Amino acid sequence: MIKIYTISGYEEVGKNMTAVGYSDGGREEVVIIDMGIMLDRVLIHEDTNIQKFSDKELQRLGAIPDDRILWKGGKNRKVVAITLTHGHLDHIGAIGKLGPHYPDVPIYGTPYTVKLAKSEVKSEEYFEVKNPMYETEYGEIVQVSENLAIEFVRSTHSIPQASMVVVHTPEGAVVHTGDFKFDNNSPLGERPDYKRLKELGKEGVKVLIAESTRVAEPTKTPSERVAQMLLEDFFLYEGREEVGLIATTFASHIARLQELIWIANEMGRQAVFVGRSLAKYTGIAKQLGLIKMKGARAVRSPNAVRKVLKEVSQARENYLLIVTGHQGEPGAVLTRMADGELYDIGERDTVVFSAGTIPNPINLAQRYKLETKLRMKGVRMIKDMHVSGHASREDHRYLVRMLNPENIVPAHGDFRMLTHYAELAEEEGYLIGKDVFVSRNGHVVKIG
């Protein structure tokens with residue numbers, strides 16, 4: 001029997017954690033997929049050191065998954081592997097807190113993902129994380145127990161080396177999409193592995209666990225090339241008069257950051273990344289050859305940030321600042337600038353938001369507050385220079401038709417998002433309660 005443990009991320013967008021269990025009547029073997037954090041529950045942002053919070057405090061706030069459902073089997077259940085779909089904090093941010101619950105269980109992911117995970121646990125203050133971490137290449141099938149093997153299939157998202165995780169069982173494959181979209185024109189050169197996905201469909205997919213974030217959108221998610229063109233059309237035009245230029249986007253969006261470096265060079269300006277998370281993500285990407293930092297620099301320490309921003313403020317026409325804080329998070333660089341700290345932002349400055357607003361009440365309120373402050377200072381704002389990293393309805397439809405899964409479990413979304421996926425599945429011939437299962441946090445879906 002296959003069991004899908006819908007631990008977390010089935011009532012919200014964030015703190016994702018799923019587990020796949022298989023038993024032939026004896027001891028159940030389990031593969032965990034992702035251990036994420038819910039950022040807005042603790043009003044933190046990409047520059048915050050999450051590891052300074054205790055696990056009990058994060059559990060109390062509902063910021064990390066409650067994984068006790070996996071403890072109930074005792075000796076009859078064994079976790080044999082932890083897998084990571086990609087490196088966003090809502091998928092890897094809780095490893096330092098939950099990894100020690102499964103001592104010595106190996107953690108697997110693509111090289112960029114694993115390096116980000118290691119950087120997260122490196123600063124862990126409450127636990128010593130002893131789980132070995134292994135970098136896995138696409139196409140490699142790793143036997144993790146007598147009955148289970150894992151595989152990472154290349155997909156595309158708003159971070160490099162995103163993967164769909166496949167858990168191979170004696171009853172068929174379980175495919176977890178992670179966060180994805182089908183981007184055939186990624187500036188990083190990545191492309192979904194359609195060949196392998198079609199092979200899996202022919203081999204037999206027992207269960208598809210699919211993210212649901214944008215499945216209600218009746219379209220196909222545009223390529224990152226579209227965002228690239230939006231940015232170029234704004235920044236690179238004749239007769240531009242902007243003095244201070246500030247861009248803000250996700251620190252992990254390496255393709256977007258690479259584009260901003262190129263734009264800065266074309267304009268004869270220096271790209272300056274300001275913030276701990278920007279320095280971390282670009283630093284690891286540079287190690288792996290995923291980004292070229294030609295002409296750019298990154299600063300992370302508080303003293304360096306103050307010094308550089310003072311330098312930039314005195315010759316704004318020579319720089320393109322890239323900062324954290326696009327959601328208006330307290331303590332992020334752009335928020336502090338709007339509060340009159342670090343940099344005298346005002347009428348000479350233009351802020352380009354190359355990120356969408358995460359649609360939850362806290363983020364919407366924080367972003368409104370930030371925009372109001374910037375507007376009062378006379379700052380020009382350019383919004384929505386962005387495309388999503390999440391699949392829309394037609395991306396999902398294509399995936400379902402390629403894999404032809406026997407069963408579908410929608411994931412990564414609130415109840416409304418999960419039911420939208422169920423509607424799509426019914427359009428494709430599935431039936432809710434028969435082979436489509438809308439679950440909740442802390443429940444189990446049994447596939448006989």
# chains A, B, ... in the order shown; residues from 1 in each chain; ligands from 1
$ residues_around --residues "segment 347-364 of chain A" --least-positions-apart "3" --cutoff "7 Å" --atoms "only C-alpha atoms" --output "CSV table (one decimal) with N, CA and C atoms, in the first residue's frame"
chain,number,residue,atom,x,y,z
A,40,ASP,N,5.6,34.5,6.7
A,40,ASP,CA,4.8,35.6,7.2
A,40,ASP,C,4.3,35.3,8.6
A,242,GLU,N,16.3,59.2,-15.4
A,242,GLU,CA,16.4,58.7,-14.0
A,242,GLU,C,17.7,58.9,-13.5
A,243,VAL,N,17.8,59.3,-12.2
A,243,VAL,CA,19.1,59.5,-11.5
A,243,VAL,C,19.3,58.3,-10.6
A,244,GLY,N,18.5,58.1,-9.6
A,244,GLY,CA,18.7,57.0,-8.7
A,244,GLY,C,17.8,55.8,-9.2
A,245,LEU,N,18.4,54.7,-9.4
A,245,LEU,CA,17.6,53.5,-9.9
A,245,LEU,C,17.8,52.4,-8.8
A,246,ILE,N,16.6,51.9,-8.4
A,246,ILE,CA,16.6,50.8,-7.3
A,246,ILE,C,15.7,49.7,-7.8
A,247,ALA,N,16.1,48.5,-7.9
A,247,ALA,CA,15.3,47.4,-8.2
A,247,ALA,C,15.2,46.4,-7.1
A,248,THR,N,14.1,45.8,-6.9
A,248,THR,CA,13.9,44.8,-5.9
A,248,THR,C,13.2,43.6,-6.4
A,249,THR,N,13.7,42.4,-6.1
A,249,THR,CA,13.1,41.1,-6.5
A,249,THR,C,13.5,40.1,-5.5
A,250,PHE,N,13.1,38.8,-5.8
A,250,PHE,CA,13.5,37.7,-4.9
A,250,PHE,C,15.0,37.4,-4.9
A,326,HIS,N,10.8,43.7,-1.4
A,326,HIS,CA,9.7,43.9,-2.3
A,326,HIS,C,8.4,43.6,-1.7
A,327,GLN,N,8.3,42.9,-0.6
A,327,GLN,CA,7.0,42.6,0.0
A,327,GLN,C,6.7,43.6,1.1
A,367,ARG,N,3.0,45.7,2.0
A,367,ARG,CA,3.4,46.3,0.7
A,367,ARG,C,2.6,47.6,0.6
A,368,TYR,N,1.4,47.7,1.0
A,368,TYR,CA,0.6,48.9,0.9
A,368,TYR,C,1.3,50.0,1.8
A,377,LYS,N,7.3,60.3,-0.2
A,377,LYS,CA,8.7,60.8,-0.4
A,377,LYS,C,8.9,61.3,-1.8
A,378,GLY,N,7.9,61.1,-2.7
A,378,GLY,CA,8.0,61.5,-4.1
A,378,GLY,C,8.7,60.5,-4.9
A,379,VAL,N,8.9,59.3,-4.5
A,379,VAL,CA,9.6,58.2,-5.3
A,379,VAL,C,8.7,57.8,-6.4
A,380,ARG,N,9.3,57.6,-7.6
A,380,ARG,CA,8.6,57.0,-8.7
A,380,ARG,C,8.6,55.5,-8.6
A,381,MET,N,7.5,54.9,-8.7
A,381,MET,CA,7.4,53.4,-8.6
A,381,MET,C,6.9,52.8,-9.9
A,382,ILE,N,7.6,51.7,-10.3
A,382,ILE,CA,7.2,50.9,-11.4
A,382,ILE,C,6.9,49.5,-10.9
A,383,LYS,N,5.7,49.0,-11.1
A,383,LYS,CA,5.3,47.8,-10.5
A,383,LYS,C,5.1,46.7,-11.5
A,384,ASP,N,5.1,45.4,-11.0
A,384,ASP,CA,4.7,44.3,-11.8
A,384,ASP,C,5.6,44.0,-13.0
A,385,MET,N,6.9,44.3,-12.9
A,385,MET,CA,7.9,43.9,-13.9
A,385,MET,C,8.3,42.5,-13.6
A,386,HIS,N,7.4,41.5,-13.9
A,386,HIS,CA,7.6,40.2,-13.3
A,386,HIS,C,6.7,39.2,-14.0
$ residues_around --residues "Val175 of chain A" --least-positions-apart "6" --cutoff "8 Å" --atoms "only C-alpha atoms" --output "PDB file with N, CA and C atoms, in the first residue's frame"
ATOM      1  N   MET A 164      11.252  17.977 -10.082  1.00  0.00           N
ATOM      2  CA  MET A 164      10.157  17.122  -9.656  1.00  0.00           C
ATOM      3  C   MET A 164      10.782  15.897  -9.009  1.00  0.00           C
ATOM      4  N   VAL A 165      10.312  15.508  -7.846  1.00  0.00           N
ATOM      5  CA  VAL A 165      10.845  14.343  -7.144  1.00  0.00           C
ATOM      6  C   VAL A 165       9.972  13.133  -7.454  1.00  0.00           C
ATOM      7  N   VAL A 166      10.606  12.074  -7.895  1.00  0.00           N
ATOM      8  CA  VAL A 166       9.901  10.823  -8.175  1.00  0.00           C
ATOM      9  C   VAL A 166      10.313   9.790  -7.128  1.00  0.00           C
ATOM     10  N   VAL A 167       9.332   9.206  -6.467  1.00  0.00           N
ATOM     11  CA  VAL A 167       9.578   8.099  -5.541  1.00  0.00           C
ATOM     12  C   VAL A 167       9.106   6.829  -6.236  1.00  0.00           C
ATOM     13  N   VAL A 205       2.447   5.997 -13.606  1.00  0.00           N
ATOM     14  CA  VAL A 205       2.490   6.881 -12.443  1.00  0.00           C
ATOM     15  C   VAL A 205       1.290   6.556 -11.556  1.00  0.00           C
ATOM     16  N   VAL A 207       0.681   7.951  -8.432  1.00  0.00           N
ATOM     17  CA  VAL A 207       0.141   9.160  -7.798  1.00  0.00           C
ATOM     18  C   VAL A 207       0.905  10.380  -8.306  1.00  0.00           C
ATOM     19  N   LEU A 208       0.145  11.430  -8.615  1.00  0.00           N
ATOM     20  CA  LEU A 208       0.724  12.746  -8.895  1.00  0.00           C
ATOM     21  C   LEU A 208       0.358  13.673  -7.744  1.00  0.00           C
ATOM     22  N   ILE A 209       1.385  14.231  -7.088  1.00  0.00           N
ATOM     23  CA  ILE A 209       1.183  15.243  -6.047  1.00  0.00           C
ATOM     24  C   ILE A 209       1.592  16.567  -6.673  1.00  0.00           C
TER      25      ILE A 209
END
$ residues_around --residues "segment 57-72 of chain A" --least-positions-apart "5" --cutoff "7 Å" --atoms "only C-alpha atoms" --output "number ranges by chain"
A: 7-8, 15, 17, 36-39, 41-42, 94, 442
$ write_last_selection --atoms "N, CA and C atoms" --output "tab-separated table (two decimals), in the first residue's frame"
chain	number	residue	atom	x	y	z
A	7	ILE	N	1.41	16.43	5.25
A	7	ILE	CA	1.80	16.97	6.56
A	7	ILE	C	1.54	18.46	6.66
A	8	SER	N	1.98	19.22	5.65
A	8	SER	CA	1.82	20.67	5.71
A	8	SER	C	1.91	21.26	4.31
A	15	LYS	N	5.33	26.51	4.24
A	15	LYS	CA	5.74	25.41	5.14
A	15	LYS	C	5.40	24.04	4.55
A	17	MET	N	5.54	20.29	3.33
A	17	MET	CA	6.13	19.02	3.74
A	17	MET	C	5.14	17.90	3.43
A	36	GLY	N	9.60	22.94	4.79
A	36	GLY	CA	9.57	24.38	4.59
A	36	GLY	C	9.10	25.17	5.78
A	37	ILE	N	9.24	26.49	5.65
A	37	ILE	CA	8.82	27.41	6.70
A	37	ILE	C	7.79	28.38	6.14
A	38	MET	N	6.92	28.89	7.00
A	38	MET	CA	5.90	29.88	6.64
A	38	MET	C	6.41	31.24	7.07
A	39	LEU	N	6.96	32.00	6.11
A	39	LEU	CA	7.66	33.24	6.44
A	39	LEU	C	6.78	34.26	7.14
A	41	ARG	N	4.34	34.06	9.08
A	41	ARG	CA	3.89	33.78	10.44
A	41	ARG	C	4.78	34.43	11.49
A	42	VAL	N	6.01	34.74	11.09
A	42	VAL	CA	6.95	35.35	12.04
A	42	VAL	C	7.42	36.72	11.55
A	94	ALA	N	12.87	24.73	7.13
A	94	ALA	CA	12.69	24.05	8.42
A	94	ALA	C	13.63	22.87	8.62
A	442	GLY	N	-1.81	17.25	8.12
A	442	GLY	CA	-1.84	16.22	9.16
A	442	GLY	C	-2.68	15.02	8.84
$ atom_distance --atom1 "atom CA of Ser186 of chain A" --atom2 "atom CA of Ala411 of chain A"
24.9 Å
$ residues_around --residues "Met35 of chain A" --least-positions-apart "6" --cutoff "12 Å" --atoms "only C-alpha atoms" --output "ChimeraX atom specification"
/A:7-9,14-19,63-67,82-101,107,117,120,178
$ residues_around --residues "Ile4 of chain A" --least-positions-apart "6" --cutoff "8 Å" --atoms "only C-alpha atoms" --output "PyMOL selection string"
chain A and resi 18-21+444-447
$ write_last_selection --atoms "N, CA, C and O atoms" --output "mmCIF file, in the first residue's frame"
data_model
loop_
_atom_site.group_PDB
_atom_site.id
_atom_site.type_symbol
_atom_site.label_atom_id
_atom_site.label_comp_id
_atom_site.auth_asym_id
_atom_site.auth_seq_id
_atom_site.Cartn_x
_atom_site.Cartn_y
_atom_site.Cartn_z
ATOM 1 N N THR A 18 5.634 16.922 2.684
ATOM 2 C CA THR A 18 4.841 15.748 2.304
ATOM 3 C C THR A 18 5.701 14.520 2.551
ATOM 4 O O THR A 18 6.936 14.616 2.567
ATOM 5 N N ALA A 19 5.082 13.379 2.762
ATOM 6 C CA ALA A 19 5.838 12.134 2.874
ATOM 7 C C ALA A 19 5.114 11.040 2.092
ATOM 8 O O ALA A 19 3.882 11.011 2.030
ATOM 9 N N VAL A 20 5.911 10.160 1.485
ATOM 10 C CA VAL A 20 5.383 9.022 0.740
ATOM 11 C C VAL A 20 5.810 7.750 1.456
ATOM 12 O O VAL A 20 7.008 7.518 1.673
ATOM 13 N N GLY A 21 4.836 6.959 1.854
ATOM 14 C CA GLY A 21 5.120 5.710 2.554
ATOM 15 C C GLY A 21 4.718 4.504 1.720
ATOM 16 O O GLY A 21 3.718 4.542 0.993
ATOM 17 N N VAL A 444 -3.724 11.572 6.044
ATOM 18 C CA VAL A 444 -3.103 10.526 5.230
ATOM 19 C C VAL A 444 -4.058 10.127 4.118
ATOM 20 O O VAL A 444 -5.246 9.879 4.364
ATOM 21 N N VAL A 445 -3.543 10.059 2.907
ATOM 22 C CA VAL A 445 -4.307 9.539 1.774
ATOM 23 C C VAL A 445 -3.769 8.149 1.477
ATOM 24 O O VAL A 445 -2.568 7.986 1.178
ATOM 25 N N LYS A 446 -4.637 7.145 1.559
ATOM 26 C CA LYS A 446 -4.212 5.763 1.318
ATOM 27 C C LYS A 446 -4.584 5.349 -0.104
ATOM 28 O O LYS A 446 -5.735 5.494 -0.522
ATOM 29 N N ILE A 447 -3.571 4.861 -0.821
ATOM 30 C CA ILE A 447 -3.762 4.418 -2.194
ATOM 31 C C ILE A 447 -3.577 2.918 -2.224
ATOM 32 O O ILE A 447 -2.473 2.412 -2.072
#
$ closest_residue --among "A:Leu197, A:Ala422, A:Val153, A:Val31" --to "Pro106 of chain A" --atoms "only C-alpha atoms"
A:Val31
$ residues_around --residues "Ser252 of chain A" --least-positions-apart "3" --cutoff "9 Å" --atoms "only C-alpha atoms" --output "tab-separated table (two decimals) with N, CA and C atoms, in the first residue's frame"
chain	number	residue	atom	x	y	z
A	87	GLY	N	15.26	25.19	-3.72
A	87	GLY	CA	15.88	25.87	-2.59
A	87	GLY	C	15.13	27.03	-1.97
A	88	HIS	N	13.85	27.22	-2.25
A	88	HIS	CA	13.11	28.29	-1.59
A	88	HIS	C	12.83	27.94	-0.13
A	158	SER	N	11.36	29.70	-10.46
A	158	SER	CA	12.04	30.99	-10.31
A	158	SER	C	13.30	30.87	-9.48
A	159	ILE	N	13.93	29.71	-9.52
A	159	ILE	CA	15.19	29.45	-8.85
A	159	ILE	C	15.89	28.35	-9.63
A	160	PRO	N	17.21	28.36	-9.71
A	160	PRO	CA	17.89	27.33	-10.50
A	160	PRO	C	17.71	25.93	-9.92
A	249	THR	N	13.72	42.39	-6.09
A	249	THR	CA	13.15	41.12	-6.52
A	249	THR	C	13.55	40.05	-5.51
A	255	ALA	N	18.02	34.10	-12.42
A	255	ALA	CA	17.84	34.55	-13.80
A	255	ALA	C	17.50	36.03	-13.84
A	256	ARG	N	16.65	36.48	-12.93
A	256	ARG	CA	16.25	37.89	-12.88
A	256	ARG	C	17.43	38.76	-12.46
A	257	LEU	N	18.21	38.29	-11.50
A	257	LEU	CA	19.37	39.05	-11.04
A	257	LEU	C	20.43	39.14	-12.13
A	277	SER	N	20.73	38.05	2.12
A	277	SER	CA	20.22	36.96	1.29
A	277	SER	C	20.67	37.10	-0.15
A	278	LEU	N	20.71	38.33	-0.68
A	278	LEU	CA	21.20	38.53	-2.04
A	278	LEU	C	22.65	38.07	-2.17
A	280	LYS	N	24.13	35.83	-0.30
A	280	LYS	CA	24.18	34.38	-0.14
A	280	LYS	C	23.78	33.65	-1.43
A	281	TYR	N	22.63	33.99	-1.98
A	281	TYR	CA	22.13	33.28	-3.16
A	281	TYR	C	23.03	33.49	-4.38
A	282	THR	N	23.49	34.72	-4.58
A	282	THR	CA	24.37	34.96	-5.73
A	282	THR	C	25.74	34.34	-5.52
$ atom_distance --atom1 "atom CA of Asp24 of chain A" --atom2 "atom CA of Met1 of chain A"
6.3 Å
$ atom_distance --atom1 "atom CA of Asp183 of chain A" --atom2 "atom CA of Tyr134 of chain A"
26.8 Å
$ select_by_dssp --residues "segment 212-314 of chain A" --states "helix (DSSP H, G or I)" --output "JSON, numbers by chain"
{"A": [224, 225, 226, 227, 228, 229, 230, 231, 232, 233, 234, 235, 254, 255, 256, 257, 258, 259, 260, 261, 262, 263, 264, 265, 266, 267, 276, 277, 278, 279, 280, 281, 282, 283, 284, 285, 286, 287, 302, 303, 304, 305, 306, 307, 308, 309, 310, 311, 312, 313]}
$ write_last_selection --atoms "N, CA and C atoms" --output "tab-separated table (two decimals), in the first residue's frame"
chain	number	residue	atom	x	y	z
A	224	GLU	N	10.22	33.28	-18.41
A	224	GLU	CA	11.04	34.31	-17.79
A	224	GLU	C	11.57	35.29	-18.84
A	225	ARG	N	11.63	34.89	-20.10
A	225	ARG	CA	12.03	35.80	-21.17
A	225	ARG	C	11.12	37.03	-21.22
A	226	VAL	N	9.86	36.85	-20.87
A	226	VAL	CA	8.91	37.97	-20.89
A	226	VAL	C	9.31	39.02	-19.85
A	227	ALA	N	9.65	38.57	-18.65
A	227	ALA	CA	10.12	39.51	-17.62
A	227	ALA	C	11.40	40.20	-18.07
A	228	GLN	N	12.26	39.46	-18.72
A	228	GLN	CA	13.51	40.02	-19.24
A	228	GLN	C	13.21	41.17	-20.20
A	229	MET	N	12.25	40.97	-21.10
A	229	MET	CA	11.90	42.00	-22.07
A	229	MET	C	11.24	43.20	-21.39
A	230	LEU	N	10.42	42.96	-20.38
A	230	LEU	CA	9.79	44.06	-19.64
A	230	LEU	C	10.86	44.97	-19.02
A	231	LEU	N	11.84	44.34	-18.39
A	231	LEU	CA	12.90	45.11	-17.73
A	231	LEU	C	13.74	45.87	-18.75
A	232	GLU	N	14.07	45.22	-19.86
A	232	GLU	CA	14.88	45.89	-20.88
A	232	GLU	C	14.12	47.06	-21.51
A	233	ASP	N	12.82	46.85	-21.75
A	233	ASP	CA	12.03	47.93	-22.34
A	233	ASP	C	11.95	49.14	-21.41
A	234	PHE	N	11.96	48.90	-20.10
A	234	PHE	CA	11.91	50.04	-19.19
A	234	PHE	C	13.26	50.71	-19.02
A	235	PHE	N	14.28	49.93	-18.73
A	235	PHE	CA	15.58	50.51	-18.40
A	235	PHE	C	16.34	51.03	-19.62
A	254	ILE	N	17.80	33.92	-9.60
A	254	ILE	CA	19.10	34.13	-10.22
A	254	ILE	C	18.96	34.62	-11.67
A	255	ALA	N	18.02	34.10	-12.42
A	255	ALA	CA	17.84	34.55	-13.80
A	255	ALA	C	17.50	36.03	-13.84
A	256	ARG	N	16.65	36.48	-12.93
A	256	ARG	CA	16.25	37.89	-12.88
A	256	ARG	C	17.43	38.76	-12.46
A	257	LEU	N	18.21	38.29	-11.50
A	257	LEU	CA	19.37	39.05	-11.04
A	257	LEU	C	20.43	39.14	-12.13
A	258	GLN	N	20.61	38.05	-12.88
A	258	GLN	CA	21.56	38.08	-14.00
A	258	GLN	C	21.14	39.13	-15.02
A	259	GLU	N	19.85	39.20	-15.29
A	259	GLU	CA	19.35	40.20	-16.23
A	259	GLU	C	19.61	41.62	-15.74
A	260	LEU	N	19.43	41.87	-14.45
A	260	LEU	CA	19.68	43.20	-13.89
A	260	LEU	C	21.16	43.58	-13.98
A	261	ILE	N	22.05	42.59	-13.81
A	261	ILE	CA	23.48	42.87	-13.98
A	261	ILE	C	23.76	43.28	-15.42
A	262	TRP	N	23.19	42.55	-16.37
A	262	TRP	CA	23.40	42.86	-17.78
A	262	TRP	C	22.88	44.25	-18.11
A	263	ILE	N	21.69	44.58	-17.59
A	263	ILE	CA	21.10	45.91	-17.84
A	263	ILE	C	22.00	47.00	-17.27
A	264	ALA	N	22.49	46.80	-16.06
A	264	ALA	CA	23.38	47.80	-15.44
A	264	ALA	C	24.61	48.03	-16.30
A	265	ASN	N	25.20	46.94	-16.79
A	265	ASN	CA	26.39	47.07	-17.65
A	265	ASN	C	26.06	47.82	-18.94
A	266	GLU	N	24.88	47.54	-19.52
A	266	GLU	CA	24.47	48.22	-20.74
A	266	GLU	C	24.28	49.72	-20.51
A	267	MET	N	23.84	50.07	-19.30
A	267	MET	CA	23.60	51.47	-18.97
A	267	MET	C	24.86	52.19	-18.52
A	276	ARG	N	21.86	40.52	3.01
A	276	ARG	CA	22.49	39.23	3.33
A	276	ARG	C	22.04	38.12	2.39
A	277	SER	N	20.73	38.05	2.12
A	277	SER	CA	20.22	36.96	1.29
A	277	SER	C	20.67	37.10	-0.15
A	278	LEU	N	20.71	38.33	-0.68
A	278	LEU	CA	21.20	38.53	-2.04
A	278	LEU	C	22.65	38.07	-2.17
A	279	ALA	N	23.46	38.40	-1.18
A	279	ALA	CA	24.87	37.97	-1.20
A	279	ALA	C	24.97	36.46	-1.12
A	280	LYS	N	24.13	35.83	-0.30
A	280	LYS	CA	24.18	34.38	-0.14
A	280	LYS	C	23.78	33.65	-1.43
A	281	TYR	N	22.63	33.99	-1.98
A	281	TYR	CA	22.13	33.28	-3.16
A	281	TYR	C	23.03	33.49	-4.38
A	282	THR	N	23.49	34.72	-4.58
A	282	THR	CA	24.37	34.96	-5.73
A	282	THR	C	25.74	34.34	-5.52
A	283	GLY	N	26.22	34.32	-4.27
A	283	GLY	CA	27.51	33.71	-3.98
A	283	GLY	C	27.54	32.23	-4.31
A	284	ILE	N	26.49	31.50	-3.91
A	284	ILE	CA	26.43	30.07	-4.19
A	284	ILE	C	26.23	29.84	-5.69
A	285	ALA	N	25.38	30.68	-6.32
A	285	ALA	CA	25.18	30.55	-7.76
A	285	ALA	C	26.47	30.78	-8.53
A	286	LYS	N	27.29	31.72	-8.06
A	286	LYS	CA	28.56	32.00	-8.72
A	286	LYS	C	29.49	30.79	-8.60
A	287	GLN	N	29.51	30.14	-7.43
A	287	GLN	CA	30.35	28.95	-7.24
A	287	GLN	C	30.03	27.87	-8.26
A	302	PRO	N	26.19	44.67	8.05
A	302	PRO	CA	25.55	45.96	8.33
A	302	PRO	C	26.47	47.16	8.08
A	303	ASN	N	27.74	47.06	8.48
A	303	ASN	CA	28.67	48.17	8.27
A	303	ASN	C	28.92	48.41	6.79
A	304	ALA	N	29.10	47.32	6.04
A	304	ALA	CA	29.34	47.45	4.60
A	304	ALA	C	28.12	48.04	3.90
A	305	VAL	N	26.93	47.62	4.32
A	305	VAL	CA	25.69	48.14	3.73
A	305	VAL	C	25.60	49.65	3.92
A	306	ARG	N	25.84	50.11	5.14
A	306	ARG	CA	25.76	51.55	5.40
A	306	ARG	C	26.79	52.32	4.57
A	307	LYS	N	28.00	51.79	4.51
A	307	LYS	CA	29.08	52.46	3.79
A	307	LYS	C	28.77	52.55	2.29
A	308	VAL	N	28.31	51.45	1.71
A	308	VAL	CA	28.05	51.42	0.28
A	308	VAL	C	26.86	52.31	-0.08
A	309	LEU	N	25.80	52.27	0.73
A	309	LEU	CA	24.64	53.10	0.41
A	309	LEU	C	24.95	54.58	0.53
A	310	LYS	N	25.84	54.94	1.44
A	310	LYS	CA	26.27	56.33	1.52
A	310	LYS	C	27.04	56.72	0.26
A	311	GLU	N	27.89	55.81	-0.18
A	311	GLU	CA	28.67	56.04	-1.41
A	311	GLU	C	27.75	56.19	-2.62
A	312	VAL	N	26.76	55.28	-2.73
A	312	VAL	CA	25.85	55.31	-3.86
A	312	VAL	C	25.00	56.58	-3.86
A	313	SER	N	24.55	56.99	-2.69
A	313	SER	CA	23.67	58.17	-2.60
A	313	SER	C	24.35	59.44	-3.11
$ closest_residue --among "A:Phe437, A:Tyr108, A:Tyr22, A:Tyr5" --to "Tyr138 of chain A" --atoms "only C-alpha atoms"
A:Tyr108
$ select_by_dssp --residues "segment 182-292 of chain A" --states "strand (DSSP E)" --output "PDB file with C-alpha atoms, in the first residue's frame"
ATOM      1  CA  VAL A 205       2.490   6.881 -12.443  1.00  0.00           C
ATOM      2  CA  LYS A 206       0.531   5.731  -9.423  1.00  0.00           C
ATOM      3  CA  VAL A 207       0.141   9.160  -7.798  1.00  0.00           C
ATOM      4  CA  LEU A 208       0.724  12.746  -8.895  1.00  0.00           C
ATOM      5  CA  ILE A 209       1.183  15.243  -6.047  1.00  0.00           C
ATOM      6  CA  ALA A 210       0.881  18.638  -7.714  1.00  0.00           C
ATOM      7  CA  GLU A 211       1.330  22.222  -6.561  1.00  0.00           C
ATOM      8  CA  GLY A 244      18.680  56.972  -8.688  1.00  0.00           C
ATOM      9  CA  LEU A 245      17.627  53.493  -9.868  1.00  0.00           C
ATOM     10  CA  ILE A 246      16.603  50.832  -7.349  1.00  0.00           C
ATOM     11  CA  ALA A 247      15.278  47.369  -8.234  1.00  0.00           C
ATOM     12  CA  THR A 248      13.882  44.788  -5.861  1.00  0.00           C
ATOM     13  CA  GLN A 270      27.436  49.240 -11.544  1.00  0.00           C
ATOM     14  CA  ALA A 271      24.977  46.697 -10.172  1.00  0.00           C
ATOM     15  CA  VAL A 272      25.179  46.628  -6.372  1.00  0.00           C
ATOM     16  CA  PHE A 273      23.365  43.894  -4.438  1.00  0.00           C
ATOM     17  CA  VAL A 274      22.475  44.985  -0.921  1.00  0.00           C
TER      18      VAL A 274
END
$ closest_residue --among "A:Ser439, A:Asn185, A:Ser119, A:Ser23" --to "Pro222 of chain A" --atoms "only C-alpha atoms"
A:Asn185
$ closest_residue --among "A:Glu190, A:Asp179, A:Asp34, A:Glu146" --to "Ser212 of chain A" --atoms "only C-alpha atoms"
A:Asp179
$ closest_residue --among "A:Ala216, A:Leu188, A:Ile345, A:Val323" --to "Asp395 of chain A" --atoms "only C-alpha atoms"
A:Ala216
